[in-house]
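Asks: Data file work-v8.pdb (PDB, C-alpha atoms) is appended below.
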```
ATOM      1  CA  MET A 235     101.310  73.407  60.977  1.00  0.00           C
ATOM      2  CA  THR A 236      98.848  75.808  62.634  1.00  0.00           C
ATOM      3  CA  GLN A 237      97.462  72.997  64.770  1.00  0.00           C
ATOM      4  CA  ARG A 238     100.957  72.120  65.986  1.00  0.00           C
ATOM      5  CA  LEU A 239     101.650  75.756  66.887  1.00  0.00           C
ATOM      6  CA  LEU A 240      98.458  75.984  68.931  1.00  0.00           C
ATOM      7  CA  PHE A 241      99.592  73.091  71.089  1.00  0.00           C
ATOM      8  CA  GLU A 242     103.020  74.664  71.563  1.00  0.00           C
ATOM      9  CA  GLU A 243     101.528  77.935  72.795  1.00  0.00           C
ATOM     10  CA  ARG A 244     101.242  78.235  76.560  1.00  0.00           C
ATOM     11  CA  VAL A 245      98.387  80.769  76.456  1.00  0.00           C
ATOM     12  CA  LEU A 246      95.904  81.597  73.714  1.00  0.00           C
ATOM     13  CA  PHE A 247      95.596  85.363  74.055  1.00  0.00           C
ATOM     14  CA  SER A 248      93.515  86.181  70.989  1.00  0.00           C
ATOM     15  CA  PRO A 249      93.132  84.706  67.523  1.00  0.00           C
ATOM     16  CA  ASN A 250      93.727  88.176  66.023  1.00  0.00           C
ATOM     17  CA  LEU A 251      96.949  88.885  67.880  1.00  0.00           C
ATOM     18  CA  PRO A 252      99.824  90.020  65.626  1.00  0.00           C
ATOM     19  CA  GLU A 253     102.301  87.149  65.306  1.00  0.00           C
ATOM     20  CA  ALA A 254     105.313  89.108  66.590  1.00  0.00           C
ATOM     21  CA  VAL A 255     103.376  90.239  69.674  1.00  0.00           C
ATOM     22  CA  ASN A 256     102.131  86.701  70.284  1.00  0.00           C
ATOM     23  CA  GLN A 257     105.671  85.316  70.082  1.00  0.00           C
ATOM     24  CA  LEU A 258     106.910  87.802  72.667  1.00  0.00           C
ATOM     25  CA  LEU A 259     103.956  87.095  74.954  1.00  0.00           C
ATOM     26  CA  GLN A 260     104.470  83.328  74.652  1.00  0.00           C
ATOM     27  CA  GLN A 261     108.167  83.716  75.489  1.00  0.00           C
ATOM     28  CA  ALA A 262     107.255  85.915  78.452  1.00  0.00           C
ATOM     29  CA  VAL A 263     104.755  83.379  79.762  1.00  0.00           C
ATOM     30  CA  ALA A 264     107.357  80.630  79.417  1.00  0.00           C
ATOM     31  CA  ALA A 265     109.852  82.715  81.407  1.00  0.00           C
ATOM     32  CA  SER A 266     107.379  84.030  83.980  1.00  0.00           C
ATOM     33  CA  HIS A 267     108.065  81.418  86.669  1.00  0.00           C
ATOM     34  CA  ALA A 268     111.823  80.941  86.539  1.00  0.00           C
ATOM     35  CA  GLU A 269     113.039  84.185  84.964  1.00  0.00           C
ATOM     36  CA  LYS A 270     110.764  86.999  86.133  1.00  0.00           C
ATOM     37  CA  PRO A 271     113.003  89.911  84.991  1.00  0.00           C
ATOM     38  CA  LEU A 272     113.222  88.407  81.508  1.00  0.00           C
ATOM     39  CA  ALA A 273     109.474  87.791  81.441  1.00  0.00           C
ATOM     40  CA  GLU A 274     108.763  91.392  82.437  1.00  0.00           C
ATOM     41  CA  LYS A 275     111.126  92.648  79.720  1.00  0.00           C
ATOM     42  CA  LEU A 276     109.388  90.483  77.096  1.00  0.00           C
ATOM     43  CA  PHE A 277     105.895  91.571  78.204  1.00  0.00           C
ATOM     44  CA  LYS A 278     106.980  95.207  77.928  1.00  0.00           C
ATOM     45  CA  GLN A 279     108.576  94.618  74.524  1.00  0.00           C
ATOM     46  CA  ALA A 280     105.300  93.165  73.268  1.00  0.00           C
ATOM     47  CA  GLN A 281     103.439  96.226  74.528  1.00  0.00           C
ATOM     48  CA  GLN A 282     105.971  98.601  72.955  1.00  0.00           C
ATOM     49  CA  LEU A 283     105.743  96.720  69.673  1.00  0.00           C
ATOM     50  CA  ASP A 284     101.975  97.268  69.534  1.00  0.00           C
ATOM     51  CA  PRO A 285     100.688  99.726  72.174  1.00  0.00           C
ATOM     52  CA  GLY A 286      97.172  99.331  70.801  1.00  0.00           C
ATOM     53  CA  CYS A 287      97.131  95.584  71.493  1.00  0.00           C
ATOM     54  CA  LEU A 288      94.894  95.232  74.533  1.00  0.00           C
ATOM     55  CA  GLN A 289      96.149  91.732  75.327  1.00  0.00           C
ATOM     56  CA  THR A 290      99.562  93.160  76.259  1.00  0.00           C
ATOM     57  CA  TYR A 291      97.944  95.182  79.065  1.00  0.00           C
ATOM     58  CA  PHE A 292      96.093  92.069  80.224  1.00  0.00           C
ATOM     59  CA  ALA A 293      99.294  90.026  80.244  1.00  0.00           C
ATOM     60  CA  LEU A 294     101.235  92.661  82.159  1.00  0.00           C
ATOM     61  CA  TYR A 295      98.601  93.320  84.785  1.00  0.00           C
ATOM     62  CA  LYS A 296      98.191  89.593  85.401  1.00  0.00           C
ATOM     63  CA  PHE A 297     101.975  89.163  85.622  1.00  0.00           C
ATOM     64  CA  TYR A 298     102.284  91.932  88.188  1.00  0.00           C
ATOM     65  CA  PHE A 299      99.212  90.848  90.126  1.00  0.00           C
ATOM     66  CA  TYR A 300     100.395  87.265  90.577  1.00  0.00           C
ATOM     67  CA  GLN A 301     103.684  88.584  91.961  1.00  0.00           C
ATOM     68  CA  GLY A 302     101.880  90.787  94.457  1.00  0.00           C
ATOM     69  CA  ARG A 303     103.085  93.920  92.679  1.00  0.00           C
ATOM     70  CA  LEU A 304      99.716  95.574  93.044  1.00  0.00           C
ATOM     71  CA  GLN A 305     100.699  99.165  92.247  1.00  0.00           C
ATOM     72  CA  GLU A 306     102.250  98.065  88.978  1.00  0.00           C
ATOM     73  CA  ALA A 307      99.243  95.869  88.216  1.00  0.00           C
ATOM     74  CA  GLU A 308      96.965  98.835  88.868  1.00  0.00           C
ATOM     75  CA  ARG A 309      99.076 101.026  86.584  1.00  0.00           C
ATOM     76  CA  GLU A 310      98.676  98.504  83.739  1.00  0.00           C
ATOM     77  CA  VAL A 311      94.946  98.133  84.421  1.00  0.00           C
ATOM     78  CA  LEU A 312      94.486 101.904  84.182  1.00  0.00           C
ATOM     79  CA  ALA A 313      96.563 102.053  81.001  1.00  0.00           C
ATOM     80  CA  GLY A 314      94.473  99.211  79.544  1.00  0.00           C
ATOM     81  CA  LEU A 315      91.230 100.982  80.451  1.00  0.00           C
ATOM     82  CA  ASN A 316      92.480 104.154  78.786  1.00  0.00           C
ATOM     83  CA  GLN A 317      93.568 102.297  75.648  1.00  0.00           C
ATOM     84  CA  ALA A 318      90.255 100.422  75.410  1.00  0.00           C
ATOM     85  CA  ALA A 319      88.301 103.653  75.850  1.00  0.00           C
ATOM     86  CA  ARG A 320      90.341 105.321  73.082  1.00  0.00           C
ATOM     87  CA  GLN A 321      89.701 102.401  70.764  1.00  0.00           C
ATOM     88  CA  GLY A 322      86.014 102.208  71.691  1.00  0.00           C
ATOM     89  CA  ASN A 323      85.449 105.979  71.564  1.00  0.00           C
ATOM     90  CA  PHE A 324      83.894 106.114  75.026  1.00  0.00           C
ATOM     91  CA  PRO A 325      84.984 107.853  78.240  1.00  0.00           C
ATOM     92  CA  ALA A 326      87.895 106.212  80.049  1.00  0.00           C
ATOM     93  CA  ASP A 327      86.704 107.232  83.513  1.00  0.00           C
ATOM     94  CA  PHE A 328      84.347 104.524  84.754  1.00  0.00           C
ATOM     95  CA  ARG A 329      82.329 107.020  86.804  1.00  0.00           C
ATOM     96  CA  GLN A 330      81.670 109.195  83.769  1.00  0.00           C
ATOM     97  CA  LEU A 331      80.963 106.142  81.642  1.00  0.00           C
ATOM     98  CA  ALA A 332      78.453 104.784  84.176  1.00  0.00           C
ATOM     99  CA  GLY A 333      76.771 108.196  84.304  1.00  0.00           C
ATOM    100  CA  GLN A 334      76.278 107.992  80.536  1.00  0.00           C
ATOM    101  CA  ALA A 335      75.551 104.264  80.405  1.00  0.00           C
ATOM    102  CA  GLY A 336      72.537 104.678  78.139  1.00  0.00           C
ATOM    103  CA  GLU A 337      74.802 106.067  75.415  1.00  0.00           C
ATOM    104  CA  TRP A 338      77.093 103.040  75.256  1.00  0.00           C
ATOM    105  CA  ASP A 339      76.587  99.347  74.557  1.00  0.00           C
ATOM    106  CA  MET A 340      79.343  97.708  76.573  1.00  0.00           C
ATOM    107  CA  TYR A 341      78.572  94.363  74.960  1.00  0.00           C
ATOM    108  CA  ALA A 342      78.906  95.604  71.377  1.00  0.00           C
ATOM    109  CA  SER A 343      82.593  94.880  70.832  1.00  0.00           C
ATOM    110  CA  ASP A 344      85.595  92.997  72.130  1.00  0.00           C
ATOM    111  CA  THR A 345      87.101  96.358  73.076  1.00  0.00           C
ATOM    112  CA  ALA A 346      84.164  97.257  75.315  1.00  0.00           C
ATOM    113  CA  LEU A 347      84.172  93.783  76.856  1.00  0.00           C
ATOM    114  CA  PHE A 348      87.907  94.114  77.510  1.00  0.00           C
ATOM    115  CA  TYR A 349      87.102  97.358  79.331  1.00  0.00           C
ATOM    116  CA  LEU A 350      84.576  95.541  81.540  1.00  0.00           C
ATOM    117  CA  TYR A 351      86.925  92.671  82.374  1.00  0.00           C
ATOM    118  CA  THR A 352      89.721  95.116  83.116  1.00  0.00           C
ATOM    119  CA  LEU A 353      87.450  97.224  85.287  1.00  0.00           C
ATOM    120  CA  LYS A 354      86.632  94.067  87.239  1.00  0.00           C
ATOM    121  CA  ALA A 355      90.385  93.534  87.681  1.00  0.00           C
ATOM    122  CA  LEU A 356      90.671  97.078  89.040  1.00  0.00           C
ATOM    123  CA  ALA A 357      88.017  96.328  91.657  1.00  0.00           C
ATOM    124  CA  PHE A 358      89.846  93.175  92.722  1.00  0.00           C
ATOM    125  CA  ILE A 359      93.167  94.998  92.946  1.00  0.00           C
ATOM    126  CA  LYS A 360      91.537  97.703  95.077  1.00  0.00           C
ATOM    127  CA  LEU A 361      90.229  95.003  97.415  1.00  0.00           C
ATOM    128  CA  ARG A 362      93.686  93.449  97.671  1.00  0.00           C
ATOM    129  CA  GLN A 363      95.113  96.906  98.473  1.00  0.00           C
ATOM    130  CA  ASP A 364      92.591  97.213 101.334  1.00  0.00           C
ATOM    131  CA  LEU A 365      90.882 100.101  99.535  1.00  0.00           C
ATOM    132  CA  ALA A 366      87.364  98.796 100.021  1.00  0.00           C
ATOM    133  CA  ASP A 367      85.597 102.113  99.367  1.00  0.00           C
ATOM    134  CA  GLU A 368      87.401 102.503  96.044  1.00  0.00           C
ATOM    135  CA  ALA A 369      86.604  98.901  95.152  1.00  0.00           C
ATOM    136  CA  ARG A 370      82.932  99.456  95.965  1.00  0.00           C
ATOM    137  CA  ALA A 371      82.875 102.553  93.717  1.00  0.00           C
ATOM    138  CA  VAL A 372      84.223 100.475  90.845  1.00  0.00           C
ATOM    139  CA  LEU A 373      81.734  97.685  91.563  1.00  0.00           C
ATOM    140  CA  ALA A 374      78.822 100.139  91.691  1.00  0.00           C
ATOM    141  CA  ALA A 375      79.781 101.299  88.207  1.00  0.00           C
ATOM    142  CA  MET A 376      80.067  97.659  87.105  1.00  0.00           C
ATOM    143  CA  GLU A 377      76.460  97.038  88.127  1.00  0.00           C
ATOM    144  CA  ILE A 378      75.405  99.821  85.753  1.00  0.00           C
ATOM    145  CA  LEU A 379      77.808  99.050  82.905  1.00  0.00           C
ATOM    146  CA  ASP A 380      77.445  95.267  83.024  1.00  0.00           C
ATOM    147  CA  PRO A 381      73.867  94.493  84.116  1.00  0.00           C
ATOM    148  CA  GLN A 382      74.056  91.016  82.552  1.00  0.00           C
ATOM    149  CA  ASP A 383      77.266  90.289  84.500  1.00  0.00           C
ATOM    150  CA  LYS A 384      79.101  89.126  81.396  1.00  0.00           C
ATOM    151  CA  SER A 385      82.395  90.041  83.046  1.00  0.00           C
ATOM    152  CA  GLY A 386      81.648  87.970  86.122  1.00  0.00           C
ATOM    153  CA  ALA A 387      82.015  90.979  88.405  1.00  0.00           C
ATOM    154  CA  SER A 388      79.346  89.540  90.699  1.00  0.00           C
ATOM    155  CA  VAL A 389      82.031  87.237  92.112  1.00  0.00           C
ATOM    156  CA  ILE A 390      84.100  90.270  93.144  1.00  0.00           C
ATOM    157  CA  MET A 391      80.930  91.923  94.483  1.00  0.00           C
ATOM    158  CA  GLN A 392      80.294  88.881  96.680  1.00  0.00           C
ATOM    159  CA  LEU A 393      83.877  88.913  97.884  1.00  0.00           C
ATOM    160  CA  SER A 394      83.626  92.606  98.691  1.00  0.00           C
ATOM    161  CA  ALA A 395      80.387  92.055 100.607  1.00  0.00           C
ATOM    162  CA  ALA A 396      81.963  89.196 102.563  1.00  0.00           C
ATOM    163  CA  LEU A 397      84.870  91.431 103.552  1.00  0.00           C
ATOM    164  CA  GLU A 398      82.628  94.244 104.848  1.00  0.00           C
ATOM    165  CA  PRO A 399      82.627  94.535 108.618  1.00  0.00           C
ATOM    166  CA  GLU A 400      79.287  93.647 110.119  1.00  0.00           C
ATOM    167  CA  ALA A 401      77.149  96.542 111.309  1.00  0.00           C
ATOM    168  CA  ALA A 402      77.420  96.987 115.034  1.00  0.00           C
TER     169      ALA A 402
END
```
Translate the structure of the given file into structure tokens.

Replies:
Amino acid sequence: MTQRLLFEERVLFSPNLPEAVNQLLQQAVAASHAEKPLAEKLFKQAQQLDPGCLQTYFALYKFYFYQGRLQEAEREVLAGLNQAARQGNFPADFRQLAGQAGEWDMYASDTALFYLYTLKALAFIKLRQDLADEARAVLAAMEILDPQDKSGASVIMQLSAALEPEAA
């Protein structure tokens, strides 16, 4: 039965996701192309059901991003960063966290890794908003927090560098 359910799911968010949250997220994903208002409602219901579930922030920021709703995507990214920092007992502000990088192992838990991936999303959103200086500040912190590039932030760094105007 479990095997059949895995094939019916549109997205595998996390193996540890509470079943009720997963059902809402799966319904939201199914509705996300044809019924965007319903999808948004379902994503938000999943988040309200379990505000500590980091995957709900991921789902919402991706949903908003793909619709070009960048301010809302940024809001969810920031909320996800704050929630991950609470759960991981480290500073939510990436600048403060980078300044204390020696005190934290950002590869030690799924929560810390979620923070890194979400911080990468923030940098990409900033680039899409034409806020290159803010994106570069995030990426500078990523170089400190993720020296092994486990989040893949180097791709966003390359994009940012390619978008920089050439020196005159």

Asks: Could you tell me which of A:Glu368, A:Asp284, A:Asp383, A:Glu269 comes closest to Leu347 (chain A) if we count all atoms listed in the file?

Replies: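 With all atoms listed in the file as the atom set, the closest residue is A:Asp383.
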
Asks: In Å, rounded to a single decimal, give me how far CA of Glu308 (chain A) is from CA of Ile359 (chain A).

Replies: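 Interatomic distance, CA of Ile359 (chain A) to CA of Glu308 (chain A): 6.8 Å.
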
Asks: Nearest to Phe358 (chain A) among A:Leu331, A:Ala326, A:Ile390, A:Ala264, with distances taken over all atoms listed in the file: which residue is it?

Replies: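 Counting all atoms listed in the file, the residue closest to Phe358 (chain A) is A:Ile390.
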
Asks: Determine, counting all atoms listed in the file, which protein, DNA and RNA residues have an atom within 9 Å of an atom of region 295-300 of chain A; residues of the same chain fewer than 5 positions away are not included. Present the result as a list of chain:residue names.

Replies: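 Using all atoms listed in the file, the neighbours found are A:Val263, A:Ser266, A:Ala273, A:Glu274, A:Phe277, A:Thr290, A:Gln305, A:Glu306, A:Ala307, A:Glu308, A:Arg309, A:Glu310, A:Val311, A:Gly314, A:Ala355, A:Ile359.
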
Asks: For those residues, write C-alpha atoms to a file as a PDB file, keeping the file's coordinate frame.

Replies:
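As a result, again16.pdb now contains:
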```pdb
ATOM      1  CA  VAL A 263     104.755  83.379  79.762  1.00  0.00           C
ATOM      2  CA  SER A 266     107.379  84.030  83.980  1.00  0.00           C
ATOM      3  CA  ALA A 273     109.474  87.791  81.441  1.00  0.00           C
ATOM      4  CA  GLU A 274     108.763  91.392  82.437  1.00  0.00           C
ATOM      5  CA  PHE A 277     105.895  91.571  78.204  1.00  0.00           C
ATOM      6  CA  THR A 290      99.562  93.160  76.259  1.00  0.00           C
ATOM      7  CA  GLN A 305     100.699  99.165  92.247  1.00  0.00           C
ATOM      8  CA  GLU A 306     102.250  98.065  88.978  1.00  0.00           C
ATOM      9  CA  ALA A 307      99.243  95.869  88.216  1.00  0.00           C
ATOM     10  CA  GLU A 308      96.965  98.835  88.868  1.00  0.00           C
ATOM     11  CA  ARG A 309      99.076 101.026  86.584  1.00  0.00           C
ATOM     12  CA  GLU A 310      98.676  98.504  83.739  1.00  0.00           C
ATOM     13  CA  VAL A 311      94.946  98.133  84.421  1.00  0.00           C
ATOM     14  CA  GLY A 314      94.473  99.211  79.544  1.00  0.00           C
ATOM     15  CA  ALA A 355      90.385  93.534  87.681  1.00  0.00           C
ATOM     16  CA  ILE A 359      93.167  94.998  92.946  1.00  0.00           C
TER      17      ILE A 359
END
```

Asks: Closest to Ala335 (chain A) among A:Ile378, A:Tyr349, A:Gly302, A:Ala265, using only C-alpha atoms?

Replies: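 Counting only C-alpha atoms, the residue closest to Ala335 (chain A) is A:Ile378.
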
Asks: Would you write out, as a list of chain:residue names, every residue that the PyMOL selection byres ((chain A and resi 354) around 8) captures in this file?

Replies: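 Applying the PyMOL selection byres ((chain A and resi 354) around 8) to the structure shown produces A:Leu350, A:Tyr351, A:Thr352, A:Leu353, A:Ala355, A:Leu356, A:Ala357, A:Phe358, A:Val372, A:Leu373, A:Met376, A:Ser385, A:Gly386, A:Ala387, A:Ile390.
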
Asks: Output the residue selection produced by the PyMOL selection byres ((chain A and resi 396-399) around 12) on the file above, formatted as JSON, numbers by chain.

Replies: {"A": [361, 362, 364, 365, 366, 367, 369, 370, 389, 390, 391, 392, 393, 394, 395, 400, 401, 402]}

Asks: Could you write out the selected residues, including C-alpha atoms, as a compact mmCIF listing (two decimals), in the coordinates of the input?

Replies:
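Written out: again.txt:
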```txt
# COMPACT_ATOMS: atom_id res chain seq x y z
CA LEU A 361 90.23 95.00 97.42
CA ARG A 362 93.69 93.45 97.67
CA ASP A 364 92.59 97.21 101.33
CA LEU A 365 90.88 100.10 99.54
CA ALA A 366 87.36 98.80 100.02
CA ASP A 367 85.60 102.11 99.37
CA ALA A 369 86.60 98.90 95.15
CA ARG A 370 82.93 99.46 95.96
CA VAL A 389 82.03 87.24 92.11
CA ILE A 390 84.10 90.27 93.14
CA MET A 391 80.93 91.92 94.48
CA GLN A 392 80.29 88.88 96.68
CA LEU A 393 83.88 88.91 97.88
CA SER A 394 83.63 92.61 98.69
CA ALA A 395 80.39 92.06 100.61
CA GLU A 400 79.29 93.65 110.12
CA ALA A 401 77.15 96.54 111.31
CA ALA A 402 77.42 96.99 115.03
```

Asks: Interatomic distance between CA of Glu253 (chain A) and CA of Phe292 (chain A)?

Replies: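 Distance reported for this atom pair: 16.9 Å.
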
Asks: Would you mind listing what lies within 8 Å of Gly322 (chain A) as a VMD selection string, with only C-alpha atoms counted and same-chain residues fewer than 4 positions away left out?

Replies: chain A and resid 318 345 to 346

Asks: A:Gly336, A:Lys360, A:Arg329, A:Leu276: which is nearest Gln257 (chain A), counting only C-alpha atoms?

Replies: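 Going through A:Gly336, A:Lys360, A:Arg329, A:Leu276 one by one, the smallest distance to Gln257 (chain A) is for A:Leu276.
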
Asks: Starting from the PyMOL selection byres ((chain A and resi 285) around 12), expand the selection into actual residues of this file and give them as a PyMOL selection string.

Replies: chain A and resi 252+255+277-284+286-291+310+313-314+316-318+320-321

Asks: Can you work out which one of A:Ala293, A:Leu312, A:Leu379, A:Leu304 has the shortest atom-to-atom distance to Gly333 (chain A), counting only C-alpha atoms?

Replies: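 With only C-alpha atoms as the atom set, the closest residue is A:Leu379.
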
Asks: Could you please determine the separation between CA of Phe324 (chain A) and CA of Asp339 (chain A) in Å, to one decimal place?

Replies: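 Distance between the two atoms: 10.0 Å.
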
Asks: Smallest atom-to-atom distance to Arg303 (chain A): which of A:Gln363, A:Ser248, A:Gln382, A:Lys275, using all atoms listed in the file?

Replies: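 Of the candidates, the smallest distance to Arg303 (chain A) is held by A:Gln363.
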
Asks: Because some atoms of region 259-269 of chain A are absent here, can you restore all heavy atoms and send them as a short mmCIF file (atom, residue, chain, number, x, y, z; two decimals), keeping the file's coordinate frame?

Replies:
```cif
data_model
loop_
_atom_site.label_atom_id
_atom_site.label_comp_id
_atom_site.auth_asym_id
_atom_site.auth_seq_id
_atom_site.Cartn_x
_atom_site.Cartn_y
_atom_site.Cartn_z
N LEU A 259 104.79 87.46 73.81
CA LEU A 259 103.96 87.10 74.95
C LEU A 259 104.16 85.63 75.34
O LEU A 259 104.23 85.31 76.53
CB LEU A 259 102.49 87.39 74.67
CG LEU A 259 102.10 88.86 74.56
CD1 LEU A 259 100.62 89.00 74.20
CD2 LEU A 259 102.40 89.61 75.85
N GLN A 260 104.25 84.75 74.36
CA GLN A 260 104.47 83.33 74.65
C GLN A 260 105.82 83.12 75.34
O GLN A 260 105.92 82.35 76.31
CB GLN A 260 104.38 82.49 73.37
CG GLN A 260 103.01 82.47 72.72
CD GLN A 260 101.90 81.92 73.60
OE1 GLN A 260 102.12 81.08 74.46
NE2 GLN A 260 100.70 82.41 73.40
N GLN A 261 106.85 83.82 74.86
CA GLN A 261 108.17 83.72 75.49
C GLN A 261 108.12 84.25 76.92
O GLN A 261 108.73 83.68 77.83
CB GLN A 261 109.20 84.49 74.67
CG GLN A 261 109.52 83.88 73.33
CD GLN A 261 110.37 84.80 72.47
OE1 GLN A 261 110.90 85.81 72.92
NE2 GLN A 261 110.49 84.46 71.20
N ALA A 262 107.38 85.33 77.12
CA ALA A 262 107.26 85.92 78.45
C ALA A 262 106.54 84.96 79.40
O ALA A 262 106.97 84.79 80.55
CB ALA A 262 106.51 87.25 78.37
N VAL A 263 105.48 84.34 78.93
CA VAL A 263 104.76 83.38 79.76
C VAL A 263 105.68 82.21 80.13
O VAL A 263 105.71 81.78 81.29
CB VAL A 263 103.47 82.88 79.05
CG1 VAL A 263 102.87 81.69 79.78
CG2 VAL A 263 102.46 84.00 78.93
N ALA A 264 106.44 81.75 79.16
CA ALA A 264 107.36 80.63 79.42
C ALA A 264 108.41 81.01 80.47
O ALA A 264 108.81 80.17 81.28
CB ALA A 264 108.03 80.20 78.12
N ALA A 265 108.82 82.26 80.47
CA ALA A 265 109.85 82.72 81.41
C ALA A 265 109.29 83.20 82.74
O ALA A 265 110.05 83.43 83.68
CB ALA A 265 110.66 83.85 80.76
N SER A 266 107.97 83.33 82.84
CA SER A 266 107.38 84.03 83.98
C SER A 266 107.58 83.36 85.34
O SER A 266 107.49 84.03 86.36
CB SER A 266 105.89 84.29 83.74
OG SER A 266 105.18 83.08 83.67
N HIS A 267 107.87 82.08 85.38
CA HIS A 267 108.06 81.42 86.67
C HIS A 267 109.53 81.42 87.10
O HIS A 267 109.84 81.74 88.24
CB HIS A 267 107.52 79.99 86.63
CG HIS A 267 106.04 79.95 86.44
ND1 HIS A 267 105.16 80.36 87.41
CD2 HIS A 267 105.28 79.59 85.38
CE1 HIS A 267 103.92 80.24 86.96
NE2 HIS A 267 103.97 79.77 85.73
N ALA A 268 110.42 81.09 86.18
CA ALA A 268 111.82 80.94 86.54
C ALA A 268 112.66 82.20 86.30
O ALA A 268 113.66 82.40 86.97
CB ALA A 268 112.42 79.77 85.77
N GLU A 269 112.24 83.01 85.34
CA GLU A 269 113.04 84.18 84.96
C GLU A 269 112.15 85.43 84.91
O GLU A 269 111.90 85.98 83.84
CB GLU A 269 113.70 83.94 83.61
CG GLU A 269 114.62 82.74 83.57
CD GLU A 269 115.17 82.51 82.18
OE1 GLU A 269 116.01 83.32 81.74
OE2 GLU A 269 114.74 81.53 81.54
#
```
